[in-house]
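**Student:** Mind having a look at this structure? Questions to follow.
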Amino acid sequence: MKNKKNKKWYLYWVTSDGYEDCFVVAQNAQAAKSLEFETNGFEWGMVKAERVIEVPERYDKIENYLWIRWSRVNAPEQAKIPNIHKRAYYARHWLLEKLGARWRTIDGKDQMLLLDKVYAHDENGESYTYNIGARALIEDLNEHINFDFNNYSTFEDGVEKILYEMMGIATKECHEIEFYFSNSFVFAVSENQKKKYNTINDFIKGWSKKTLGNLISSIEESFEIKEEWKICIKGFIEMRNQFIHGLTTKERYDINDEWGRRELINFLAIFLNYCEPVKEIAESCFIFSIYFANDKLIDKKENKIPLEETEDVKGKLALFNEIFILKS
């Protein structure tokens, strides 16, 4: 085919059955889909093409020159056509590398990274993708991070600053959540807890030594937790344990590696989204404990714990009653 003057070429990620998904260089999505449609015989409706990045002209010229050189041997008549340009073609390793792709193997699986999107295959050979780094933040619009998500180049210059900010916020959230749970003495009502602690202070001192997982297990001695909230809390605990216990030394999240740092940003974006509802739950437990103490444990008005009945406090009390059901 003849190349139209100044017509740009793009890299597309073309998906079909999940096993033949591939990168194609074409002038538009229709041409990229056509290559897979004609080559592998997929139904047109099952083929999708997602534009990834523009291919610089110098790289496209190299690829076209290699194709013309091949044509001189294998299709000489074709090679004689003036200004000939090959049709849509499959992107080769050298081109992907020039466009910024990187490769690695994690848990025995090969992965490729390009513009903060990871392209990989599962144990069955089916392809999948996921976003990391700036793309993960753009997709999630995580409200904990004060960052102009539309300015990708700014992010590129400050990936470490954003990462360390997120790590600091995640650490603070963990500390606050554990503080609220460990000081929620309303959970001392179970017979088992009553045997262990004589006073509220004894209870708080004892609970401060428990792991977060053990705190939740102890809570379940006296309260049923609504299933959807229990899943949320346990998801938080699982990610919290990974974060606290050496996540940055794991190969996938290696903080000394650029790819690892971007994976870590993705992990933290998800984790901070877990933190938000769990912190609400933990705070509701703490506020309900104060309300319970003022109502049931403290007789003298001057000894009651200050607790303003704001809309936020009322909402937290309602949340506690919604999530935790006292066992008979």
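Residues are named by chain letter and number: chains run A, B, ... in the order of the structure tokens, numbers start at 1 in each chain, and ligands are numbered from 1 in the order shown.
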Using only C-alpha atoms, which protein or nucleic acid residues come within 12 Å of segment 160-173 of chain A? Drop anything in the same chain fewer than 6 positions from it, and give the result as a PDB file with N, CA, C and O atoms, in the first residue's frame.
**Tutor:**
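Writing done, so here's selection_9.pdb:
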```pdb
ATOM      1  N   ILE A 132      -0.369   0.498  36.768  1.00  0.00           N
ATOM      2  CA  ILE A 132       0.433   0.826  37.930  1.00  0.00           C
ATOM      3  C   ILE A 132       0.833   2.299  37.830  1.00  0.00           C
ATOM      4  O   ILE A 132       0.509   2.978  36.854  1.00  0.00           O
ATOM      5  N   GLY A 133       1.562   2.800  38.829  1.00  0.00           N
ATOM      6  CA  GLY A 133       2.092   4.155  38.778  1.00  0.00           C
ATOM      7  C   GLY A 133       1.037   5.200  38.503  1.00  0.00           C
ATOM      8  O   GLY A 133      -0.048   5.211  39.082  1.00  0.00           O
ATOM      9  N   ALA A 134       1.364   6.127  37.604  1.00  0.00           N
ATOM     10  CA  ALA A 134       0.468   7.244  37.297  1.00  0.00           C
ATOM     11  C   ALA A 134      -0.871   6.756  36.760  1.00  0.00           C
ATOM     12  O   ALA A 134      -1.919   7.297  37.096  1.00  0.00           O
ATOM     13  N   LEU A 137      -3.203   5.806  39.498  1.00  0.00           N
ATOM     14  CA  LEU A 137      -3.755   6.960  40.197  1.00  0.00           C
ATOM     15  C   LEU A 137      -4.793   7.684  39.345  1.00  0.00           C
ATOM     16  O   LEU A 137      -5.808   8.160  39.843  1.00  0.00           O
ATOM     17  N   ASN A 142      -7.358   8.682  43.453  1.00  0.00           N
ATOM     18  CA  ASN A 142      -7.299   8.508  44.901  1.00  0.00           C
ATOM     19  C   ASN A 142      -7.248   9.859  45.598  1.00  0.00           C
ATOM     20  O   ASN A 142      -6.308  10.620  45.431  1.00  0.00           O
ATOM     21  N   GLU A 143      -8.261  10.150  46.396  1.00  0.00           N
ATOM     22  CA  GLU A 143      -8.391  11.484  46.991  1.00  0.00           C
ATOM     23  C   GLU A 143      -7.358  11.770  48.069  1.00  0.00           C
ATOM     24  O   GLU A 143      -7.215  12.914  48.511  1.00  0.00           O
ATOM     25  N   HIS A 144      -6.633  10.747  48.503  1.00  0.00           N
ATOM     26  CA  HIS A 144      -5.625  10.978  49.536  1.00  0.00           C
ATOM     27  C   HIS A 144      -4.393  11.701  48.986  1.00  0.00           C
ATOM     28  O   HIS A 144      -3.604  12.250  49.743  1.00  0.00           O
ATOM     29  N   ILE A 145      -4.208  11.665  47.666  1.00  0.00           N
ATOM     30  CA  ILE A 145      -2.987  12.215  47.081  1.00  0.00           C
ATOM     31  C   ILE A 145      -3.304  13.531  46.377  1.00  0.00           C
ATOM     32  O   ILE A 145      -4.142  13.591  45.483  1.00  0.00           O
ATOM     33  N   ASN A 146      -2.610  14.585  46.770  1.00  0.00           N
ATOM     34  CA  ASN A 146      -2.793  15.895  46.154  1.00  0.00           C
ATOM     35  C   ASN A 146      -1.880  15.987  44.937  1.00  0.00           C
ATOM     36  O   ASN A 146      -0.714  16.347  45.041  1.00  0.00           O
ATOM     37  N   PHE A 147      -2.428  15.628  43.770  1.00  0.00           N
ATOM     38  CA  PHE A 147      -1.593  15.547  42.579  1.00  0.00           C
ATOM     39  C   PHE A 147      -2.425  15.831  41.339  1.00  0.00           C
ATOM     40  O   PHE A 147      -3.586  15.450  41.251  1.00  0.00           O
ATOM     41  N   ASP A 148      -1.812  16.539  40.394  1.00  0.00           N
ATOM     42  CA  ASP A 148      -2.481  16.821  39.115  1.00  0.00           C
ATOM     43  C   ASP A 148      -2.387  15.580  38.238  1.00  0.00           C
ATOM     44  O   ASP A 148      -1.396  15.338  37.569  1.00  0.00           O
ATOM     45  N   PHE A 149      -3.436  14.752  38.237  1.00  0.00           N
ATOM     46  CA  PHE A 149      -3.384  13.468  37.557  1.00  0.00           C
ATOM     47  C   PHE A 149      -3.292  13.600  36.044  1.00  0.00           C
ATOM     48  O   PHE A 149      -2.905  12.675  35.361  1.00  0.00           O
ATOM     49  N   THR A 154       4.725  15.539  34.788  1.00  0.00           N
ATOM     50  CA  THR A 154       5.083  15.982  36.132  1.00  0.00           C
ATOM     51  C   THR A 154       5.246  14.787  37.049  1.00  0.00           C
ATOM     52  O   THR A 154       6.150  14.720  37.871  1.00  0.00           O
ATOM     53  N   PHE A 179      -5.354   2.495  66.760  1.00  0.00           N
ATOM     54  CA  PHE A 179      -5.635   3.242  67.994  1.00  0.00           C
ATOM     55  C   PHE A 179      -7.120   3.163  68.322  1.00  0.00           C
ATOM     56  O   PHE A 179      -7.508   2.878  69.466  1.00  0.00           O
ATOM     57  N   TYR A 180      -7.966   3.411  67.331  1.00  0.00           N
ATOM     58  CA  TYR A 180      -9.401   3.395  67.577  1.00  0.00           C
ATOM     59  C   TYR A 180      -9.881   2.021  68.026  1.00  0.00           C
ATOM     60  O   TYR A 180     -10.657   1.896  68.982  1.00  0.00           O
ATOM     61  N   PHE A 236      -8.511  -5.246  54.446  1.00  0.00           N
ATOM     62  CA  PHE A 236      -7.598  -4.228  54.971  1.00  0.00           C
ATOM     63  C   PHE A 236      -6.478  -4.873  55.769  1.00  0.00           C
ATOM     64  O   PHE A 236      -5.297  -4.530  55.601  1.00  0.00           O
ATOM     65  N   MET A 239      -3.821  -6.570  53.543  1.00  0.00           N
ATOM     66  CA  MET A 239      -2.942  -5.623  52.871  1.00  0.00           C
ATOM     67  C   MET A 239      -2.070  -4.870  53.878  1.00  0.00           C
ATOM     68  O   MET A 239      -0.908  -4.577  53.611  1.00  0.00           O
ATOM     69  N   ARG A 240      -2.620  -4.569  55.048  1.00  0.00           N
ATOM     70  CA  ARG A 240      -1.853  -3.901  56.100  1.00  0.00           C
ATOM     71  C   ARG A 240      -0.672  -4.759  56.525  1.00  0.00           C
ATOM     72  O   ARG A 240       0.447  -4.269  56.708  1.00  0.00           O
ATOM     73  N   ASN A 241      -0.891  -6.067  56.679  1.00  0.00           N
ATOM     74  CA  ASN A 241       0.192  -6.960  57.077  1.00  0.00           C
ATOM     75  C   ASN A 241       1.287  -7.030  56.012  1.00  0.00           C
ATOM     76  O   ASN A 241       2.475  -7.064  56.326  1.00  0.00           O
ATOM     77  N   PHE A 243       1.992  -4.623  53.891  1.00  0.00           N
ATOM     78  CA  PHE A 243       2.646  -3.315  53.890  1.00  0.00           C
ATOM     79  C   PHE A 243       3.628  -3.184  55.050  1.00  0.00           C
ATOM     80  O   PHE A 243       4.763  -2.739  54.877  1.00  0.00           O
ATOM     81  N   ILE A 244       3.207  -3.582  56.233  1.00  0.00           N
ATOM     82  CA  ILE A 244       4.035  -3.417  57.428  1.00  0.00           C
ATOM     83  C   ILE A 244       5.198  -4.403  57.458  1.00  0.00           C
ATOM     84  O   ILE A 244       6.303  -4.070  57.896  1.00  0.00           O
ATOM     85  N   LEU A 247       6.899  -5.370  52.624  1.00  0.00           N
ATOM     86  CA  LEU A 247       6.400  -5.350  51.248  1.00  0.00           C
ATOM     87  C   LEU A 247       7.434  -4.787  50.272  1.00  0.00           C
ATOM     88  O   LEU A 247       7.597  -5.292  49.164  1.00  0.00           O
ATOM     89  N   THR A 248       8.156  -3.743  50.691  1.00  0.00           N
ATOM     90  CA  THR A 248       9.079  -3.056  49.777  1.00  0.00           C
ATOM     91  C   THR A 248      10.306  -3.886  49.431  1.00  0.00           C
ATOM     92  O   THR A 248      11.070  -3.511  48.546  1.00  0.00           O
ATOM     93  N   TYR A 253       7.424  -5.517  44.382  1.00  0.00           N
ATOM     94  CA  TYR A 253       7.297  -4.151  44.902  1.00  0.00           C
ATOM     95  C   TYR A 253       8.642  -3.568  45.334  1.00  0.00           C
ATOM     96  O   TYR A 253       8.682  -2.661  46.164  1.00  0.00           O
ATOM     97  N   ILE A 255      11.388  -1.450  46.174  1.00  0.00           N
ATOM     98  CA  ILE A 255      11.430   0.007  46.198  1.00  0.00           C
ATOM     99  C   ILE A 255      12.693   0.558  45.553  1.00  0.00           C
ATOM    100  O   ILE A 255      12.778   1.756  45.241  1.00  0.00           O
ATOM    101  N   ASN A 256      13.677  -0.284  45.307  1.00  0.00           N
ATOM    102  CA  ASN A 256      14.913   0.149  44.657  1.00  0.00           C
ATOM    103  C   ASN A 256      14.856   0.026  43.135  1.00  0.00           C
ATOM    104  O   ASN A 256      15.832   0.335  42.452  1.00  0.00           O
ATOM    105  N   ASP A 257      13.712  -0.422  42.626  1.00  0.00           N
ATOM    106  CA  ASP A 257      13.541  -0.614  41.186  1.00  0.00           C
ATOM    107  C   ASP A 257      12.399   0.270  40.695  1.00  0.00           C
ATOM    108  O   ASP A 257      11.362   0.397  41.363  1.00  0.00           O
ATOM    109  N   GLU A 258      12.556   0.885  39.520  1.00  0.00           N
ATOM    110  CA  GLU A 258      11.542   1.796  38.991  1.00  0.00           C
ATOM    111  C   GLU A 258      10.193   1.097  38.797  1.00  0.00           C
ATOM    112  O   GLU A 258       9.146   1.633  39.160  1.00  0.00           O
ATOM    113  N   TRP A 259      10.236  -0.096  38.227  1.00  0.00           N
ATOM    114  CA  TRP A 259       8.996  -0.858  38.027  1.00  0.00           C
ATOM    115  C   TRP A 259       8.377  -1.186  39.386  1.00  0.00           C
ATOM    116  O   TRP A 259       7.169  -1.040  39.594  1.00  0.00           O
ATOM    117  N   GLY A 260       9.218  -1.633  40.316  1.00  0.00           N
ATOM    118  CA  GLY A 260       8.731  -1.981  41.648  1.00  0.00           C
ATOM    119  C   GLY A 260       8.071  -0.800  42.340  1.00  0.00           C
ATOM    120  O   GLY A 260       7.036  -0.956  43.007  1.00  0.00           O
ATOM    121  N   ARG A 261       8.646   0.389  42.188  1.00  0.00           N
ATOM    122  CA  ARG A 261       8.061   1.585  42.809  1.00  0.00           C
ATOM    123  C   ARG A 261       6.678   1.874  42.233  1.00  0.00           C
ATOM    124  O   ARG A 261       5.766   2.286  42.951  1.00  0.00           O
ATOM    125  N   ARG A 262       6.526   1.674  40.938  1.00  0.00           N
ATOM    126  CA  ARG A 262       5.226   1.933  40.314  1.00  0.00           C
ATOM    127  C   ARG A 262       4.189   0.874  40.719  1.00  0.00           C
ATOM    128  O   ARG A 262       3.007   1.183  40.869  1.00  0.00           O
ATOM    129  N   GLU A 263       4.630  -0.372  40.884  1.00  0.00           N
ATOM    130  CA  GLU A 263       3.735  -1.405  41.410  1.00  0.00           C
ATOM    131  C   GLU A 263       3.315  -1.044  42.841  1.00  0.00           C
ATOM    132  O   GLU A 263       2.163  -1.241  43.236  1.00  0.00           O
ATOM    133  N   LEU A 264       4.261  -0.518  43.612  1.00  0.00           N
ATOM    134  CA  LEU A 264       3.989  -0.146  44.990  1.00  0.00           C
ATOM    135  C   LEU A 264       2.955   0.970  45.068  1.00  0.00           C
ATOM    136  O   LEU A 264       2.090   0.979  45.944  1.00  0.00           O
ATOM    137  N   ILE A 265       3.034   1.916  44.138  1.00  0.00           N
ATOM    138  CA  ILE A 265       2.037   2.987  44.083  1.00  0.00           C
ATOM    139  C   ILE A 265       0.646   2.405  43.841  1.00  0.00           C
ATOM    140  O   ILE A 265      -0.338   2.822  44.469  1.00  0.00           O
ATOM    141  N   ASN A 266       0.550   1.430  42.949  1.00  0.00           N
ATOM    142  CA  ASN A 266      -0.729   0.790  42.676  1.00  0.00           C
ATOM    143  C   ASN A 266      -1.261   0.092  43.926  1.00  0.00           C
ATOM    144  O   ASN A 266      -2.443   0.206  44.276  1.00  0.00           O
ATOM    145  N   PHE A 267      -0.383  -0.642  44.614  1.00  0.00           N
ATOM    146  CA  PHE A 267      -0.771  -1.332  45.855  1.00  0.00           C
ATOM    147  C   PHE A 267      -1.306  -0.334  46.876  1.00  0.00           C
ATOM    148  O   PHE A 267      -2.352  -0.536  47.490  1.00  0.00           O
ATOM    149  N   LEU A 268      -0.570   0.770  47.052  1.00  0.00           N
ATOM    150  CA  LEU A 268      -0.943   1.760  48.063  1.00  0.00           C
ATOM    151  C   LEU A 268      -2.241   2.471  47.701  1.00  0.00           C
ATOM    152  O   LEU A 268      -3.037   2.816  48.587  1.00  0.00           O
ATOM    153  N   ALA A 269      -2.482   2.704  46.402  1.00  0.00           N
ATOM    154  CA  ALA A 269      -3.741   3.334  45.985  1.00  0.00           C
ATOM    155  C   ALA A 269      -4.926   2.453  46.382  1.00  0.00           C
ATOM    156  O   ALA A 269      -5.939   2.942  46.891  1.00  0.00           O
ATOM    157  N   ILE A 270      -4.796   1.143  46.170  1.00  0.00           N
ATOM    158  CA  ILE A 270      -5.852   0.198  46.560  1.00  0.00           C
ATOM    159  C   ILE A 270      -5.978   0.147  48.081  1.00  0.00           C
ATOM    160  O   ILE A 270      -7.077   0.173  48.642  1.00  0.00           O
ATOM    161  N   PHE A 271      -4.826   0.099  48.763  1.00  0.00           N
ATOM    162  CA  PHE A 271      -4.822   0.003  50.220  1.00  0.00           C
ATOM    163  C   PHE A 271      -5.474   1.225  50.861  1.00  0.00           C
ATOM    164  O   PHE A 271      -6.269   1.107  51.802  1.00  0.00           O
ATOM    165  N   LEU A 272      -5.165   2.411  50.355  1.00  0.00           N
ATOM    166  CA  LEU A 272      -5.758   3.629  50.918  1.00  0.00           C
ATOM    167  C   LEU A 272      -7.270   3.665  50.701  1.00  0.00           C
ATOM    168  O   LEU A 272      -8.008   4.232  51.510  1.00  0.00           O
ATOM    169  N   ASN A 273      -7.723   3.052  49.634  1.00  0.00           N
ATOM    170  CA  ASN A 273      -9.169   2.960  49.417  1.00  0.00           C
ATOM    171  C   ASN A 273      -9.822   2.026  50.436  1.00  0.00           C
ATOM    172  O   ASN A 273     -10.984   2.212  50.811  1.00  0.00           O
ATOM    173  N   TYR A 274      -9.082   0.995  50.881  1.00  0.00           N
ATOM    174  CA  TYR A 274      -9.560   0.131  51.966  1.00  0.00           C
ATOM    175  C   TYR A 274      -9.554   0.886  53.292  1.00  0.00           C
ATOM    176  O   TYR A 274     -10.446   0.719  54.130  1.00  0.00           O
ATOM    177  N   CYS A 275      -8.518   1.702  53.492  1.00  0.00           N
ATOM    178  CA  CYS A 275      -8.352   2.399  54.770  1.00  0.00           C
ATOM    179  C   CYS A 275      -9.553   3.275  55.096  1.00  0.00           C
ATOM    180  O   CYS A 275      -9.972   3.366  56.260  1.00  0.00           O
ATOM    181  N   GLU A 276     -10.084   3.932  54.092  1.00  0.00           N
ATOM    182  CA  GLU A 276     -11.138   4.923  54.334  1.00  0.00           C
ATOM    183  C   GLU A 276     -12.354   4.335  55.052  1.00  0.00           C
ATOM    184  O   GLU A 276     -12.745   4.834  56.119  1.00  0.00           O
ATOM    185  N   PRO A 277     -12.990   3.260  54.524  1.00  0.00           N
ATOM    186  CA  PRO A 277     -14.160   2.721  55.240  1.00  0.00           C
ATOM    187  C   PRO A 277     -13.777   2.045  56.560  1.00  0.00           C
ATOM    188  O   PRO A 277     -14.539   2.114  57.522  1.00  0.00           O
ATOM    189  N   VAL A 278     -12.604   1.393  56.622  1.00  0.00           N
ATOM    190  CA  VAL A 278     -12.201   0.718  57.857  1.00  0.00           C
ATOM    191  C   VAL A 278     -11.944   1.730  58.960  1.00  0.00           C
ATOM    192  O   VAL A 278     -12.273   1.495  60.138  1.00  0.00           O
ATOM    193  N   LYS A 279     -11.368   2.873  58.607  1.00  0.00           N
ATOM    194  CA  LYS A 279     -11.156   3.930  59.602  1.00  0.00           C
ATOM    195  C   LYS A 279     -12.503   4.447  60.120  1.00  0.00           C
ATOM    196  O   LYS A 279     -12.639   4.734  61.318  1.00  0.00           O
ATOM    197  N   GLU A 280     -13.486   4.561  59.241  1.00  0.00           N
ATOM    198  CA  GLU A 280     -14.828   4.964  59.668  1.00  0.00           C
ATOM    199  C   GLU A 280     -15.390   3.959  60.673  1.00  0.00           C
ATOM    200  O   GLU A 280     -15.985   4.335  61.685  1.00  0.00           O
ATOM    201  N   ALA A 282     -13.640   1.804  62.593  1.00  0.00           N
ATOM    202  CA  ALA A 282     -12.865   1.837  63.829  1.00  0.00           C
ATOM    203  C   ALA A 282     -13.246   3.044  64.683  1.00  0.00           C
ATOM    204  O   ALA A 282     -13.389   2.939  65.911  1.00  0.00           O
ATOM    205  N   GLU A 283     -13.420   4.186  64.020  1.00  0.00           N
ATOM    206  CA  GLU A 283     -13.797   5.398  64.754  1.00  0.00           C
ATOM    207  C   GLU A 283     -15.189   5.249  65.353  1.00  0.00           C
ATOM    208  O   GLU A 283     -15.457   5.732  66.455  1.00  0.00           O
TER     209      GLU A 283
END
```
**Student:** Excluding Asn28 of chain A and any residue of its chain fewer than 6 positions from it, enumerate the residues within 10 Å of it, using only C-alpha atoms, and give them as a ChimeraX atom specification.
**Tutor:** /A:8-12,49-51,88
**Student:** Only all heavy atoms, please: the residues just picked out, written as a short mmCIF file (atom, residue, chain, number, x, y, z; two decimals), in the first residue's frame.
**Tutor:**
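The new file result.cif reads:
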```
data_model
loop_
_atom_site.label_atom_id
_atom_site.label_comp_id
_atom_site.auth_asym_id
_atom_site.auth_seq_id
_atom_site.Cartn_x
_atom_site.Cartn_y
_atom_site.Cartn_z
N LYS A 8 0.24 9.43 10.34
CA LYS A 8 0.95 8.88 11.50
C LYS A 8 0.59 7.42 11.72
O LYS A 8 -0.48 6.96 11.34
CB LYS A 8 0.60 9.71 12.74
CG LYS A 8 1.11 11.14 12.68
CD LYS A 8 0.75 11.91 13.93
CE LYS A 8 1.30 13.32 13.88
NZ LYS A 8 0.96 14.11 15.09
N TRP A 9 1.53 6.73 12.35
CA TRP A 9 1.34 5.33 12.69
C TRP A 9 1.34 5.20 14.20
O TRP A 9 2.04 5.92 14.91
CB TRP A 9 2.43 4.46 12.06
CG TRP A 9 2.30 4.38 10.57
CD1 TRP A 9 2.59 5.36 9.67
CD2 TRP A 9 1.80 3.29 9.82
NE1 TRP A 9 2.31 4.95 8.39
CE2 TRP A 9 1.82 3.68 8.46
CE3 TRP A 9 1.34 2.01 10.14
CZ2 TRP A 9 1.40 2.82 7.43
CZ3 TRP A 9 0.92 1.17 9.12
CH2 TRP A 9 0.95 1.58 7.79
N TYR A 10 0.54 4.24 14.68
CA TYR A 10 0.37 4.09 16.13
C TYR A 10 0.53 2.63 16.54
O TYR A 10 0.27 1.71 15.74
CB TYR A 10 -1.02 4.58 16.56
CG TYR A 10 -1.27 6.03 16.27
CD1 TYR A 10 -1.88 6.40 15.06
CD2 TYR A 10 -0.92 7.02 17.16
CE1 TYR A 10 -2.13 7.74 14.77
CE2 TYR A 10 -1.16 8.36 16.89
CZ TYR A 10 -1.75 8.72 15.69
OH TYR A 10 -1.98 10.04 15.40
N LEU A 11 0.91 2.45 17.78
CA LEU A 11 0.94 1.11 18.36
C LEU A 11 -0.42 0.84 18.99
O LEU A 11 -0.92 1.66 19.77
CB LEU A 11 2.03 1.01 19.42
CG LEU A 11 2.17 -0.35 20.12
CD1 LEU A 11 2.76 -1.38 19.17
CD2 LEU A 11 3.04 -0.22 21.38
N TYR A 12 -1.02 -0.31 18.66
CA TYR A 12 -2.31 -0.71 19.23
C TYR A 12 -2.17 -2.02 19.99
O TYR A 12 -1.38 -2.90 19.60
CB TYR A 12 -3.35 -0.91 18.12
CG TYR A 12 -3.84 0.38 17.49
CD1 TYR A 12 -3.19 0.94 16.39
CD2 TYR A 12 -4.95 1.05 18.00
CE1 TYR A 12 -3.63 2.12 15.81
CE2 TYR A 12 -5.41 2.24 17.43
CZ TYR A 12 -4.74 2.77 16.34
OH TYR A 12 -5.18 3.95 15.78
N ALA A 49 -9.30 -3.00 19.40
CA ALA A 49 -7.98 -2.37 19.27
C ALA A 49 -7.93 -1.11 20.13
O ALA A 49 -8.76 -0.21 19.97
CB ALA A 49 -7.69 -2.03 17.82
N GLU A 50 -6.97 -1.06 21.03
CA GLU A 50 -6.79 0.08 21.93
C GLU A 50 -5.48 0.80 21.58
O GLU A 50 -4.42 0.18 21.59
CB GLU A 50 -6.75 -0.39 23.38
CG GLU A 50 -6.45 0.70 24.39
CD GLU A 50 -6.18 0.16 25.78
OE1 GLU A 50 -6.44 -1.05 26.01
OE2 GLU A 50 -5.70 0.92 26.64
N ARG A 51 -5.57 2.09 21.26
CA ARG A 51 -4.36 2.83 20.92
C ARG A 51 -3.49 3.00 22.16
O ARG A 51 -3.96 3.38 23.22
CB ARG A 51 -4.71 4.20 20.34
CG ARG A 51 -3.45 4.95 19.87
CD ARG A 51 -3.74 6.40 19.50
NE ARG A 51 -4.54 6.50 18.29
CZ ARG A 51 -4.83 7.67 17.71
NH1 ARG A 51 -4.43 8.82 18.25
NH2 ARG A 51 -5.56 7.69 16.61
N ALA A 88 -0.67 -2.61 8.00
CA ALA A 88 -0.56 -2.81 9.45
C ALA A 88 0.28 -4.05 9.73
O ALA A 88 0.18 -5.06 9.02
CB ALA A 88 -1.95 -2.97 10.05
#
```
**Student:** As a PyMOL selection string, please: every residue in segment 19-260 of chain A that a backbone DSSP assignment puts in alpha helix (DSSP H).
**Tutor:** chain A and resi 29-40+57-74+76-79+93-98+133-140+152-157+159-182+191-196+200-207+212-222+227-244+258-260
**Student:** Would you mind reading off the distance between atom CA of Phe320 of chain A and atom CA of Leu212 of chain A, one decimal, in Å?
**Tutor:**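 Atom CA of Leu212 of chain A lies at a distance of 18.2 Å from atom CA of Phe320 of chain A.
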